[in-house]
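Text of final-v6.cif (mmCIF, C-alpha atoms and all ligand atoms) as supplied:
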```cif
data_model
loop_
_atom_site.label_atom_id
_atom_site.label_comp_id
_atom_site.auth_asym_id
_atom_site.auth_seq_id
_atom_site.Cartn_x
_atom_site.Cartn_y
_atom_site.Cartn_z
CA MET A 678 -276.39 93.51 129.71
CA ARG A 679 -273.88 96.31 130.19
CA LEU A 680 -272.72 98.72 127.50
CA SER A 681 -269.23 97.25 127.60
CA GLU A 682 -270.68 93.83 126.77
CA ILE A 683 -272.10 94.93 123.44
CA GLY A 684 -268.72 94.75 121.79
CA GLY A 685 -268.57 97.96 119.78
CA LEU A 686 -270.58 100.96 118.60
CA GLU A 687 -268.95 103.25 121.13
CA GLU A 688 -270.05 106.38 119.36
CA VAL A 689 -273.72 105.52 119.85
CA GLN A 690 -273.06 104.51 123.44
CA ASN A 691 -271.38 107.83 124.18
CA LYS A 692 -274.30 109.82 122.83
CA LEU A 693 -276.77 107.87 124.94
CA VAL A 694 -274.64 108.17 128.06
CA GLN A 695 -274.03 111.89 127.60
CA ALA A 696 -277.75 112.54 127.30
CA VAL A 697 -278.41 110.72 130.58
CA LYS A 698 -275.60 112.55 132.36
CA SER A 699 -276.87 115.91 131.24
CA GLY A 700 -280.32 114.99 132.52
CA GLN A 701 -281.82 114.97 129.04
CA VAL A 702 -283.38 111.56 128.87
CA PRO A 703 -285.90 111.55 126.01
CA HIS A 704 -289.20 109.99 127.04
CA ALA A 705 -289.50 107.92 123.88
CA GLN A 706 -286.65 106.67 121.73
CA LEU A 707 -286.63 104.47 118.68
CA PHE A 708 -283.57 102.23 118.40
CA MET A 709 -283.48 101.55 114.67
CA GLY A 710 -281.22 98.89 113.24
CA LYS A 711 -281.36 96.14 110.66
CA GLN A 712 -281.79 92.55 111.79
CA GLY A 713 -278.42 91.51 113.15
CA SER A 714 -277.61 94.95 114.52
CA PRO A 715 -277.27 95.04 118.30
CA ASN A 716 -280.29 97.29 118.79
CA LEU A 717 -281.92 95.08 121.42
CA PRO A 718 -278.68 94.62 123.44
CA MET A 719 -278.19 98.39 123.20
CA ALA A 720 -281.66 99.03 124.63
CA LEU A 721 -281.06 96.50 127.43
CA ALA A 722 -277.69 98.00 128.30
CA TYR A 723 -279.10 101.52 128.14
CA ALA A 724 -282.00 100.60 130.46
CA THR A 725 -279.47 99.08 132.87
CA PHE A 726 -277.40 102.26 132.78
CA LEU A 727 -280.46 104.46 133.33
CA ASN A 728 -281.35 102.75 136.58
CA CYS A 729 -277.87 101.88 137.85
CA GLU A 730 -277.36 103.14 141.40
CA ASN A 731 -273.67 103.65 140.97
CA PRO A 732 -272.82 104.26 137.30
CA SER A 733 -269.30 105.05 136.16
CA ASP A 734 -268.53 107.66 133.52
CA ASN A 735 -269.50 105.41 130.67
CA ASP A 736 -271.26 102.30 131.94
CA SER A 737 -273.47 100.77 134.60
CA CYS A 738 -271.70 99.27 137.63
CA GLY A 739 -272.90 95.71 137.16
CA THR A 740 -273.05 95.09 140.92
CA CYS A 741 -275.77 97.26 142.46
CA ALA A 742 -279.19 95.83 143.26
CA SER A 743 -280.68 97.36 140.12
CA CYS A 744 -277.93 96.02 137.85
CA ILE A 745 -278.25 92.55 139.32
CA LYS A 746 -281.98 92.51 138.61
CA MET A 747 -281.40 93.82 135.12
CA ASP A 748 -278.86 91.11 134.56
CA LYS A 749 -281.59 88.52 135.06
CA TYR A 750 -284.23 90.67 133.35
CA ILE A 751 -286.39 90.64 136.49
CA HIS A 752 -286.34 94.35 137.33
CA PRO A 753 -289.89 95.23 138.45
CA ASP A 754 -289.75 98.66 136.80
CA VAL A 755 -288.51 97.48 133.44
CA HIS A 756 -291.30 96.12 131.27
CA PHE A 757 -291.09 94.20 128.05
CA VAL A 758 -293.50 93.96 125.16
CA PHE A 759 -292.73 91.78 122.15
CA PRO A 760 -294.54 89.89 119.38
CA VAL A 761 -296.28 86.68 120.43
CA SER A 762 -298.87 84.33 118.98
CA SER A 763 -301.17 81.74 120.45
CA THR A 764 -299.59 78.45 121.44
CA LYS A 765 -300.85 75.11 122.67
CA ASN A 766 -301.30 76.48 126.20
CA ILE A 767 -301.92 80.17 125.67
CA THR A 768 -304.77 81.42 123.52
CA GLY A 769 -307.21 84.29 123.04
CA LYS A 770 -306.87 87.31 125.27
CA ASP A 771 -304.08 85.63 127.21
CA VAL A 772 -301.76 86.04 124.25
CA VAL A 773 -299.84 88.99 125.72
CA SER A 774 -296.19 89.42 126.60
CA THR A 775 -296.61 89.05 130.36
CA ASN A 776 -297.67 85.44 129.87
CA PHE A 777 -294.45 84.67 127.98
CA LEU A 778 -291.97 86.26 130.38
CA LYS A 779 -290.31 83.03 131.40
CA GLU A 780 -289.51 82.17 127.77
CA TRP A 781 -288.56 85.76 127.04
CA ARG A 782 -286.00 85.83 129.85
CA SER A 783 -284.39 82.65 128.72
CA PHE A 784 -284.30 84.02 125.15
CA LEU A 785 -282.56 87.20 126.35
CA LEU A 786 -280.12 85.24 128.47
CA ASP A 787 -279.25 82.76 125.73
CA SER A 788 -279.33 84.98 122.68
CA PRO A 789 -279.71 88.72 123.32
CA PHE A 790 -278.63 89.19 119.69
CA GLY A 791 -281.37 86.86 118.50
CA ASN A 792 -284.02 87.56 115.88
CA MET A 793 -287.74 86.97 115.51
CA ASN A 794 -287.33 83.43 114.12
CA GLN A 795 -285.27 82.40 117.08
CA TRP A 796 -287.73 83.98 119.47
CA ALA A 797 -290.62 82.12 117.82
CA THR A 798 -288.75 78.85 118.30
CA VAL A 799 -288.23 79.65 121.98
CA PHE A 800 -291.87 80.41 122.79
CA GLY A 801 -293.27 77.75 120.50
CA GLY A 802 -295.08 79.94 117.99
CA GLU A 803 -293.18 79.02 114.82
CA ASP A 804 -296.27 78.19 112.83
CA LYS A 805 -298.35 81.24 113.57
CA GLN A 806 -298.13 84.89 112.67
CA ALA A 807 -296.98 86.74 115.78
CA ASN A 808 -298.11 90.25 116.62
CA ILE A 809 -298.49 92.85 119.35
CA SER A 810 -302.20 93.02 119.98
CA LYS A 811 -304.71 95.63 121.02
CA GLU A 812 -304.98 93.85 124.38
CA GLU A 813 -301.24 94.40 124.77
CA SER A 814 -301.67 98.17 124.43
CA ARG A 815 -304.12 98.08 127.33
CA GLN A 816 -301.54 96.22 129.40
CA ILE A 817 -298.92 98.83 128.54
CA ILE A 818 -301.12 101.61 129.83
CA LYS A 819 -302.01 99.64 132.93
CA ASN A 820 -298.39 98.78 133.74
CA LEU A 821 -297.24 102.35 133.34
CA SER A 822 -300.01 103.80 135.46
CA LEU A 823 -298.41 102.30 138.56
CA LYS A 824 -295.70 104.20 140.37
CA ALA A 825 -292.14 102.99 140.02
CA PHE A 826 -291.37 100.43 142.71
CA GLU A 827 -287.80 101.34 143.34
CA ALA A 828 -286.10 102.65 140.24
CA LYS A 829 -285.17 106.07 138.95
CA TYR A 830 -287.01 105.33 135.72
CA LYS A 831 -289.81 103.09 134.64
CA VAL A 832 -288.76 101.64 131.31
CA MET A 833 -291.03 100.12 128.67
CA ILE A 834 -289.05 98.22 126.05
CA ILE A 835 -291.11 97.36 122.98
CA TRP A 836 -289.22 94.94 120.80
CA LEU A 837 -290.19 94.95 117.11
CA PRO A 838 -292.99 97.55 117.26
CA GLU A 839 -293.47 96.91 113.53
CA PHE A 840 -295.46 93.85 114.67
CA MET A 841 -297.98 96.09 116.43
CA HIS A 842 -301.53 95.74 115.23
CA PRO A 843 -302.68 99.21 114.06
CA SER A 844 -305.22 99.31 116.88
CA ALA A 845 -302.43 98.59 119.38
CA ALA A 846 -300.29 101.32 117.86
CA ASN A 847 -303.18 103.78 118.05
CA GLY A 848 -303.86 102.61 121.58
CA ILE A 849 -300.48 103.78 122.86
CA LEU A 850 -300.21 107.08 120.96
CA LYS A 851 -301.38 109.17 123.85
CA ILE A 852 -299.15 107.62 126.50
CA LEU A 853 -296.21 107.62 124.08
CA GLU A 854 -296.60 111.35 123.63
CA GLU A 855 -297.15 112.17 127.28
CA PRO A 856 -295.96 109.32 129.46
CA PRO A 857 -296.15 109.59 133.25
CA GLU A 858 -293.20 111.26 134.90
CA LYS A 859 -289.86 109.37 134.85
CA THR A 860 -291.13 106.92 132.28
CA VAL A 861 -289.04 105.99 129.29
CA PHE A 862 -290.17 104.16 126.15
CA LEU A 863 -287.56 102.28 124.17
CA LEU A 864 -288.88 101.01 120.84
CA VAL A 865 -286.47 98.57 119.23
CA SER A 866 -287.19 98.18 115.54
CA ASN A 867 -285.67 96.22 112.67
CA ASP A 868 -287.97 97.76 110.11
CA HIS A 869 -289.01 101.27 111.10
CA GLU A 870 -290.52 101.96 107.68
CA LYS A 871 -293.42 99.74 108.68
CA LEU A 872 -294.26 101.92 111.68
CA LEU A 873 -297.15 104.35 111.61
CA THR A 874 -295.98 107.91 111.09
CA THR A 875 -297.86 108.83 114.25
CA ILE A 876 -295.57 106.47 116.18
CA LEU A 877 -292.44 107.68 114.38
CA SER A 878 -293.22 111.32 115.04
CA ARG A 879 -293.51 110.67 118.78
CA THR A 880 -290.08 109.12 119.18
CA GLN A 881 -286.54 110.35 119.04
CA ARG A 882 -284.60 108.20 116.61
CA VAL A 883 -281.32 106.51 117.40
CA THR A 884 -279.63 104.68 114.54
CA ILE A 885 -277.89 101.49 115.60
CA PRO A 886 -275.48 100.41 112.87
CA GLN A 887 -274.34 96.86 112.14
CA PHE A 888 -271.05 95.80 113.67
CA THR A 889 -267.97 96.42 111.58
CA ASP A 890 -266.01 93.33 110.47
CA GLN A 891 -263.38 94.28 113.02
CA GLU A 892 -265.86 94.48 115.92
CA LEU A 893 -267.46 91.23 114.89
CA THR A 894 -264.09 89.47 114.61
CA GLN A 895 -263.15 90.70 118.06
CA SER A 896 -266.46 89.57 119.58
CA LEU A 897 -266.05 86.11 118.10
CA ILE A 898 -262.53 85.85 119.52
CA ASP A 899 -263.29 87.34 122.96
CA LYS A 900 -266.71 85.93 123.68
CA HIS A 901 -266.92 82.77 121.64
CA GLY A 902 -263.35 81.54 121.70
CA VAL A 903 -263.01 81.45 117.92
CA GLU A 904 -259.49 81.34 116.55
CA GLU A 905 -258.49 84.54 114.77
CA THR A 906 -258.33 83.48 111.12
CA ARG A 907 -261.62 81.65 111.42
CA ALA A 908 -263.18 84.60 113.26
CA ARG A 909 -262.16 86.87 110.43
CA GLN A 910 -263.70 84.57 107.81
CA LEU A 911 -266.93 84.24 109.76
CA ALA A 912 -267.14 87.99 110.26
CA HIS A 913 -266.68 88.58 106.54
CA LEU A 914 -269.38 86.09 105.65
CA ALA A 915 -271.82 87.40 108.22
CA ASN A 916 -271.85 91.00 106.98
CA GLY A 917 -272.13 92.61 110.39
CA ASP A 918 -274.67 90.17 111.81
CA LEU A 919 -273.30 88.49 114.94
CA GLN A 920 -276.15 86.02 115.01
CA ALA A 921 -275.44 84.93 111.46
CA ALA A 922 -271.75 84.52 112.31
CA LEU A 923 -272.68 82.30 115.24
CA ARG A 924 -275.08 80.34 113.09
CA PHE A 925 -272.38 79.71 110.52
CA MET A 926 -270.06 78.69 113.30
CA ASN A 927 -272.39 76.47 115.30
CA SER A 928 -274.19 74.57 112.62
CA VAL A 929 -272.48 72.45 110.05
CA GLU A 930 -270.66 75.19 108.25
CA ASP A 931 -267.53 73.12 107.81
CA ASN A 932 -269.55 70.73 105.76
CA ASN A 933 -271.64 73.34 104.01
CA HIS A 934 -269.01 74.23 101.48
CA GLN A 935 -268.61 70.66 100.26
CA LEU A 936 -272.38 70.08 100.21
CA PHE A 937 -273.12 73.27 98.35
CA ALA A 938 -270.28 72.88 95.83
CA ASP A 939 -271.27 69.27 95.00
CA TRP A 940 -274.90 70.24 94.76
CA MET A 941 -274.23 73.07 92.34
CA ARG A 942 -272.09 70.75 90.20
CA ASP A 943 -275.02 68.34 89.94
CA CYS A 944 -277.29 71.18 88.93
CA PHE A 945 -274.79 72.37 86.34
CA LYS A 946 -274.40 68.88 84.89
CA ARG A 947 -278.15 68.24 85.13
CA ASP A 948 -277.42 64.95 86.83
CA PHE A 949 -280.97 63.97 87.80
CA THR A 950 -280.11 60.66 89.46
CA SER A 951 -277.70 62.44 91.71
CA MET A 952 -280.23 65.23 92.36
CA VAL A 953 -282.74 62.71 93.66
CA LYS A 954 -280.15 61.09 95.93
CA ARG A 955 -279.06 64.48 97.15
CA ALA A 956 -282.64 65.51 97.99
CA ASP A 957 -282.81 62.34 100.10
CA SER A 958 -279.64 63.12 101.98
CA PHE A 959 -280.63 66.78 102.53
CA HIS A 960 -283.95 65.49 103.81
CA ALA A 961 -282.13 63.39 106.38
CA MET A 962 -280.29 66.40 107.83
CA ASN A 963 -281.91 68.32 110.68
CA LYS A 964 -283.74 71.54 110.00
CA VAL A 965 -281.02 73.83 111.33
CA ALA A 966 -278.51 72.18 109.03
CA GLN A 967 -280.87 72.47 106.06
CA LYS A 968 -281.48 76.15 106.68
CA SER A 969 -277.84 76.79 107.32
CA LEU A 970 -276.99 75.21 103.95
CA LEU A 971 -279.46 77.50 102.19
CA LEU A 972 -278.10 80.57 103.95
CA TYR A 973 -274.59 79.50 103.12
CA GLY A 974 -275.67 79.20 99.48
CA ILE A 975 -277.13 82.70 99.51
CA THR A 976 -273.88 84.05 100.92
CA MET A 977 -271.82 82.26 98.28
CA LEU A 978 -274.04 83.60 95.51
CA ARG A 979 -273.55 87.10 96.81
CA GLU A 980 -269.81 86.49 96.88
CA SER A 981 -269.82 85.22 93.30
CA LEU A 982 -271.52 88.42 92.25
CA ILE A 983 -268.95 90.54 94.07
CA ARG A 984 -266.18 88.52 92.41
CA ASN A 985 -267.64 89.32 89.00
CA THR A 986 -268.32 92.98 89.58
CA VAL A 987 -265.75 94.28 92.09
CA PRO A 988 -263.01 91.62 92.30
CA ASP A 989 -261.08 93.74 94.81
CA LEU A 990 -263.81 93.22 97.37
CA ALA A 991 -263.85 89.43 97.08
CA ARG A 992 -263.71 88.14 100.63
CA VAL A 993 -263.45 84.41 100.33
CA SER A 994 -260.24 82.45 99.89
CA GLY A 995 -259.03 78.85 100.12
CA GLU A 996 -261.27 76.04 98.88
CA GLU A 997 -264.27 78.32 98.81
CA GLY A 998 -262.34 80.86 96.77
CA LYS A 999 -261.38 78.22 94.19
CA PHE A 1000 -264.96 77.04 93.88
CA LEU A 1001 -266.21 80.61 93.51
CA GLU A 1002 -263.72 81.35 90.79
CA ASN A 1003 -265.20 78.61 88.60
CA PHE A 1004 -268.74 79.18 89.76
CA SER A 1005 -268.71 82.88 89.01
CA LYS A 1006 -267.72 82.08 85.41
CA VAL A 1007 -271.07 80.40 84.76
CA MET A 1008 -273.03 83.00 86.72
CA ASN A 1009 -274.25 86.49 85.88
CA PRO A 1010 -276.23 88.98 87.99
CA ASP A 1011 -279.61 87.77 86.68
CA LYS A 1012 -278.83 84.14 87.43
CA VAL A 1013 -277.51 85.02 90.87
CA ALA A 1014 -280.65 87.01 91.65
CA ALA A 1015 -282.92 84.23 90.39
CA ILE A 1016 -281.17 81.47 92.33
CA SER A 1017 -280.93 83.58 95.49
CA GLU A 1018 -284.64 84.15 95.30
CA LYS A 1019 -285.25 80.41 94.99
CA LEU A 1020 -283.03 79.70 97.99
CA ASN A 1021 -284.79 82.38 99.99
CA GLU A 1022 -288.17 80.92 99.08
CA ALA A 1023 -286.96 77.48 100.08
CA HIS A 1024 -285.78 78.85 103.43
CA TYR A 1025 -289.20 80.39 103.94
CA HIS A 1026 -290.96 77.10 103.14
CA LEU A 1027 -288.68 75.12 105.44
CA GLU A 1028 -289.62 77.46 108.26
CA ARG A 1029 -293.18 76.50 107.57
CA ASN A 1030 -292.51 72.80 107.63
CA ALA A 1031 -292.59 71.99 103.93
CA SER A 1032 -291.31 68.53 103.01
CA ALA A 1033 -287.55 68.99 102.69
CA LYS A 1034 -287.21 66.17 100.18
CA MET A 1035 -289.67 67.55 97.62
CA MET A 1036 -288.46 71.04 98.19
CA PHE A 1037 -284.78 70.29 97.60
CA LEU A 1038 -285.52 68.22 94.51
CA ASP A 1039 -287.69 70.96 93.07
CA LEU A 1040 -285.03 73.49 93.97
CA SER A 1041 -282.31 71.48 92.19
CA LEU A 1042 -284.40 71.32 89.02
CA GLN A 1043 -285.11 75.03 89.08
CA ILE A 1044 -281.49 75.92 89.70
CA SER A 1045 -280.29 73.71 86.86
CA MET A 1046 -282.72 75.47 84.52
CA ILE A 1047 -281.55 78.88 85.67
CA ILE A 1048 -277.88 78.01 85.28
CA LYS A 1049 -278.28 76.72 81.73
ZN ZN B 1101 -275.40 99.37 138.92
#
```
For the structure just supplied, provide its representation as structure tokens.
Ligand SMILES: [Zn+2]
Amino acid sequence: MRLSEIGGLEEVQNKLVQAVKSGQVPHAQLFMGKQGSPNLPMALAYATFLNCENPSDNDSCGTCASCIKMDKYIHPDVHFVFPVSSTKNITGKDVVSTNFLKEWRSFLLDSPFGNMNQWATVFGGEDKQANISKEESRQIIKNLSLKAFEAKYKVMIIWLPEFMHPSAANGILKILEEPPEKTVFLLVSNDHEKLLTTILSRTQRVTIPQFTDQELTQSLIDKHGVEETRARQLAHLANGDLQAALRFMNSVEDNNHQLFADWMRDCFKRDFTSMVKRADSFHAMNKVAQKSLLLYGITMLRESLIRNTVPDLARVSGEEGKFLENFSKVMNPDKVAAISEKLNEAHYHLERNASAKMMFLDLSLQISMIIK
């Protein structure tokens, strides 16, 4: 990953690059950004820049030996730590990042903008609570005690340090404060408020904002071949989250509007026969499609609220706009909040393999009660 591949946030990039050029590389930085912000890509691109043998004024070269290794995430001096859980094949003390590197690399190559849920699907730990264990902190210390093989800097990227077990966090305090020479820690967090203050106080913070609608639109056009009007719509819906935009695009989003609109009409009319049939047909869809429908619903609810409160900011037009105009007439902020919560809960249960049929039927009943 190179800085130019991130697709925006040049101000942040400039600050990072300037610090390197002036020889002021902080030994521990915290890349803070909400889920959907490019904080992990930024850390990857920054690590690539740090060790590039032939950097330009504002980016790594992309062709030197170091860049080529970074491109495949196989640089021997760049270490990764991330949340994992036991799986069918890996249990007990073996549950540490180094035993998941193959999956991790394919995750980074396929979806460097991905989130924890996607990562769990890749390594096969969807059902268990992932964390960064005490054993992992021992590995960190061990890995950093070795001299750099070839690079200018040894880099330790810790993705989602908020998943660190307190004993793991305490285990790395000392090395985080005084790492060996030419060692750089990059902590990449989606929820820095969950970090111990002792960790926070030992890092220099870098805020990674979400993409703007414009940056997101451009990324969708340039990198994903989306046509401009569609790209703009997706960017609006995704609220700065590239991954969400891709999810909307790749799943069944064209169908989602019709499904959601019909579903809400059933709930409004309290048509129980139809609700039962609908639960059956939702049940028959695959899990990605089910989740995508729920997320689409959450987005539409948010839009209906915006339409009611600040009409000027309403982002949706066409068929969806027409639906929202009617829908927002029967909705108020309390109803929107209540239904959103139900959809969020349903999404959570689906992730944990609840029966889709029962869940959707129950959801329909609850929504119809809230609407009335
Ligand atoms: Zn290079």
List the neighbours of A:Tyr750 out to 9 Å using all atoms listed in the file; skip same-chain residues closer than 5 positions along the sequence, and give me the result as a ChimeraX atom specification. /A:721,745,755,782,785-786
Return as number ranges by chain every polymer residue, whether protein, DNA or RNA, with at least one atom no more than 7 Å from an atom of ligand ZN 1101 (chain B); count only C-alpha atoms and all ligand atoms. A: 729-732, 737-744
For each of A:Ile885, A:Val758, A:Val697, A:Ala807, take the minimum atom-to-atom distance to A:Gly685, counting all atoms listed in the file, then give the residue where this is smallest.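 Among the listed residues, A:Ile885 lies closest to A:Gly685.
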Taking only C-alpha atoms into account, which of A:Asn735, A:Ser958, A:Ser774, A:Thr798 comes nearest A:Ala696?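 Among A:Asn735, A:Ser958, A:Ser774, A:Thr798, it is A:Asn735 that comes nearest to A:Ala696.
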Mind listing whatever residues come within 10 Å of the point (-265.8, 89.9, 114.0)? Use all atoms listed in the file, file coordinates, and give them as a ChimeraX atom specification. /A:684,888-899,903,905,907-919,922
Could you save those same residues with C-alpha atoms as a PDB file, keeping the file's coordinate frame?
```pdb
ATOM      1  CA  GLY A 684    -268.720  94.750 121.790  1.00  0.00           C
ATOM      2  CA  PHE A 888    -271.050  95.800 113.670  1.00  0.00           C
ATOM      3  CA  THR A 889    -267.970  96.420 111.580  1.00  0.00           C
ATOM      4  CA  ASP A 890    -266.010  93.330 110.470  1.00  0.00           C
ATOM      5  CA  GLN A 891    -263.380  94.280 113.020  1.00  0.00           C
ATOM      6  CA  GLU A 892    -265.860  94.480 115.920  1.00  0.00           C
ATOM      7  CA  LEU A 893    -267.460  91.230 114.890  1.00  0.00           C
ATOM      8  CA  THR A 894    -264.090  89.470 114.610  1.00  0.00           C
ATOM      9  CA  GLN A 895    -263.150  90.700 118.060  1.00  0.00           C
ATOM     10  CA  SER A 896    -266.460  89.570 119.580  1.00  0.00           C
ATOM     11  CA  LEU A 897    -266.050  86.110 118.100  1.00  0.00           C
ATOM     12  CA  ILE A 898    -262.530  85.850 119.520  1.00  0.00           C
ATOM     13  CA  ASP A 899    -263.290  87.340 122.960  1.00  0.00           C
ATOM     14  CA  VAL A 903    -263.010  81.450 117.920  1.00  0.00           C
ATOM     15  CA  GLU A 905    -258.490  84.540 114.770  1.00  0.00           C
ATOM     16  CA  ARG A 907    -261.620  81.650 111.420  1.00  0.00           C
ATOM     17  CA  ALA A 908    -263.180  84.600 113.260  1.00  0.00           C
ATOM     18  CA  ARG A 909    -262.160  86.870 110.430  1.00  0.00           C
ATOM     19  CA  GLN A 910    -263.700  84.570 107.810  1.00  0.00           C
ATOM     20  CA  LEU A 911    -266.930  84.240 109.760  1.00  0.00           C
ATOM     21  CA  ALA A 912    -267.140  87.990 110.260  1.00  0.00           C
ATOM     22  CA  HIS A 913    -266.680  88.580 106.540  1.00  0.00           C
ATOM     23  CA  LEU A 914    -269.380  86.090 105.650  1.00  0.00           C
ATOM     24  CA  ALA A 915    -271.820  87.400 108.220  1.00  0.00           C
ATOM     25  CA  ASN A 916    -271.850  91.000 106.980  1.00  0.00           C
ATOM     26  CA  GLY A 917    -272.130  92.610 110.390  1.00  0.00           C
ATOM     27  CA  ASP A 918    -274.670  90.170 111.810  1.00  0.00           C
ATOM     28  CA  LEU A 919    -273.300  88.490 114.940  1.00  0.00           C
ATOM     29  CA  ALA A 922    -271.750  84.520 112.310  1.00  0.00           C
TER      30      ALA A 922
END
```
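The protein and nucleic acid residues lying at most 12 Å from A:Asp787 are Met678, Lys749, Glu780, Trp781, Arg782, Asn792, Gln795, Trp796, Val799 and Gln920 of chain A, with all atoms listed in the file considered and sequence neighbours fewer than 5 positions away removed.
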I need the residue nearest A:Pro1010 from this list: A:Met719, A:Leu982, A:Ala825, A:Ala797. Use only C-alpha atoms for the distance.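 When distances to A:Pro1010 are compared using only C-alpha atoms, the smallest one comes from A:Leu982.
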Distance in Å - atom CA of A:Asn716 versus atom CA of A:Gln695: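 Atom CA of A:Asn716 sits 18.2 Å away from atom CA of A:Gln695.
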Name all residues at most 8 Å from stretch 860-877 of chain A (count only C-alpha atoms; drop same-chain ones fewer than 5 positions away) and give them as an MDAnalysis selection string. chainID A and resid 702:712 716:717 720 821 830:839 843 846 850 853
Excluding same-chain residues fewer than 5 positions from stretch 1032-1048 of chain A, what lies within 6 Å of it counting all atoms listed in the file, as a VMD selection string? chain A and resid 944 to 945 956 to 957 960
Take the residues just selected and output them with C-alpha atoms as a PDB file, in the coordinates of the input.
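selection-v1.pdb was written with the following content:
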```pdb
ATOM      1  CA  CYS A 944    -277.290  71.180  88.930  1.00  0.00           C
ATOM      2  CA  PHE A 945    -274.790  72.370  86.340  1.00  0.00           C
ATOM      3  CA  ALA A 956    -282.640  65.510  97.990  1.00  0.00           C
ATOM      4  CA  ASP A 957    -282.810  62.340 100.100  1.00  0.00           C
ATOM      5  CA  HIS A 960    -283.950  65.490 103.810  1.00  0.00           C
TER       6      HIS A 960
END
```
With 12 Å as the cut-off and all atoms listed in the file counted, what is the closest atom pair between each nearby residue of stretch 726-845 of chain A and stretch 1015-1025 of chain A? Distances in Å to one decimal, ordered by chain and number, as a Markdown table.
```
| residue | atom | partner | partner_atom | distance |
| --- | --- | --- | --- | --- |
| A:Asn794 | CA | A:Tyr1025 | CA | 10.8 |
| A:Glu803 | CA | A:Tyr1025 | CA | 11.7 |
| A:Asp804 | CA | A:Tyr1025 | CA | 11.6 |
```
Report, in Å to a single decimal, how far apart atom CA of A:Ser681 and atom CA of A:Gly902 are.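 These atoms are spaced 17.8 Å apart.
Of the listed residues A:Lys805, A:Lys1049, A:Lys954, A:His901, the one whose atoms come nearest to A:Lys765 is A:Lys805, with distances taken using only C-alpha atoms.
Taking all atoms listed in the file into account, A:Gln935 lies nearest to A:Glu997 out of the set A:Asn847, A:Leu971, A:Val987, A:Glu997.
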Option closest in space to A:Ser699, from A:Gln816, A:Pro886, A:Asp734, A:Ala722 [counting all atoms listed in the file]: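 The closest residue to A:Ser699 is A:Asp734.
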One decimal, Å: what's the distance from atom CA of A:Phe726 over to atom CA of A:Ala845, could you say?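 Result for atom CA of A:Phe726 versus atom CA of A:Ala845: 28.6 Å, one decimal.
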Taking 5 positions as the minimum chain separation for residues in the same chain, which residues sit within 9 Å of A:Arg815 when counting all atoms listed in the file? Answer as a count of residues only. 4
For stretch 879-890 of chain A of the block above, can you save N, CA and C atoms as a PDB file, in the first residue's frame?
```pdb
ATOM      1  N   ARG A 879       1.456   6.876  26.214  1.00  0.00           N
ATOM      2  CA  ARG A 879       2.752   6.525  25.633  1.00  0.00           C
ATOM      3  C   ARG A 879       2.782   6.649  24.113  1.00  0.00           C
ATOM      4  N   THR A 880       1.688   7.104  23.531  1.00  0.00           N
ATOM      5  CA  THR A 880       1.667   7.219  22.073  1.00  0.00           C
ATOM      6  C   THR A 880       1.387   8.649  21.626  1.00  0.00           C
ATOM      7  N   GLN A 881       1.881   8.952  20.447  1.00  0.00           N
ATOM      8  CA  GLN A 881       1.529  10.229  19.841  1.00  0.00           C
ATOM      9  C   GLN A 881       0.313   9.995  18.957  1.00  0.00           C
ATOM     10  N   ARG A 882      -0.709  10.835  19.126  1.00  0.00           N
ATOM     11  CA  ARG A 882      -1.969  10.548  18.439  1.00  0.00           C
ATOM     12  C   ARG A 882      -2.058  11.181  17.059  1.00  0.00           C
ATOM     13  N   VAL A 883      -2.539  10.419  16.125  1.00  0.00           N
ATOM     14  CA  VAL A 883      -2.767  10.916  14.769  1.00  0.00           C
ATOM     15  C   VAL A 883      -4.232  10.634  14.429  1.00  0.00           C
ATOM     16  N   THR A 884      -5.004  11.687  14.206  1.00  0.00           N
ATOM     17  CA  THR A 884      -6.416  11.466  13.887  1.00  0.00           C
ATOM     18  C   THR A 884      -6.587  11.198  12.401  1.00  0.00           C
ATOM     19  N   ILE A 885      -7.223  10.079  12.086  1.00  0.00           N
ATOM     20  CA  ILE A 885      -7.484   9.737  10.688  1.00  0.00           C
ATOM     21  C   ILE A 885      -8.978   9.923  10.432  1.00  0.00           C
ATOM     22  N   PRO A 886      -9.338  10.983   9.723  1.00  0.00           N
ATOM     23  CA  PRO A 886     -10.769  11.225   9.502  1.00  0.00           C
ATOM     24  C   PRO A 886     -11.376  10.236   8.510  1.00  0.00           C
ATOM     25  N   GLN A 887     -12.718  10.231   8.442  1.00  0.00           N
ATOM     26  CA  GLN A 887     -13.403   9.467   7.401  1.00  0.00           C
ATOM     27  C   GLN A 887     -13.120  10.150   6.066  1.00  0.00           C
ATOM     28  N   PHE A 888     -13.346   9.438   4.987  1.00  0.00           N
ATOM     29  CA  PHE A 888     -13.269  10.073   3.675  1.00  0.00           C
ATOM     30  C   PHE A 888     -14.395  11.096   3.541  1.00  0.00           C
ATOM     31  N   THR A 889     -14.163  12.122   2.747  1.00  0.00           N
ATOM     32  CA  THR A 889     -15.273  13.009   2.390  1.00  0.00           C
ATOM     33  C   THR A 889     -16.082  12.302   1.295  1.00  0.00           C
ATOM     34  N   ASP A 890     -17.321  12.778   1.074  1.00  0.00           N
ATOM     35  CA  ASP A 890     -18.141  12.198   0.002  1.00  0.00           C
ATOM     36  C   ASP A 890     -17.407  12.268  -1.331  1.00  0.00           C
TER      37      ASP A 890
END
```
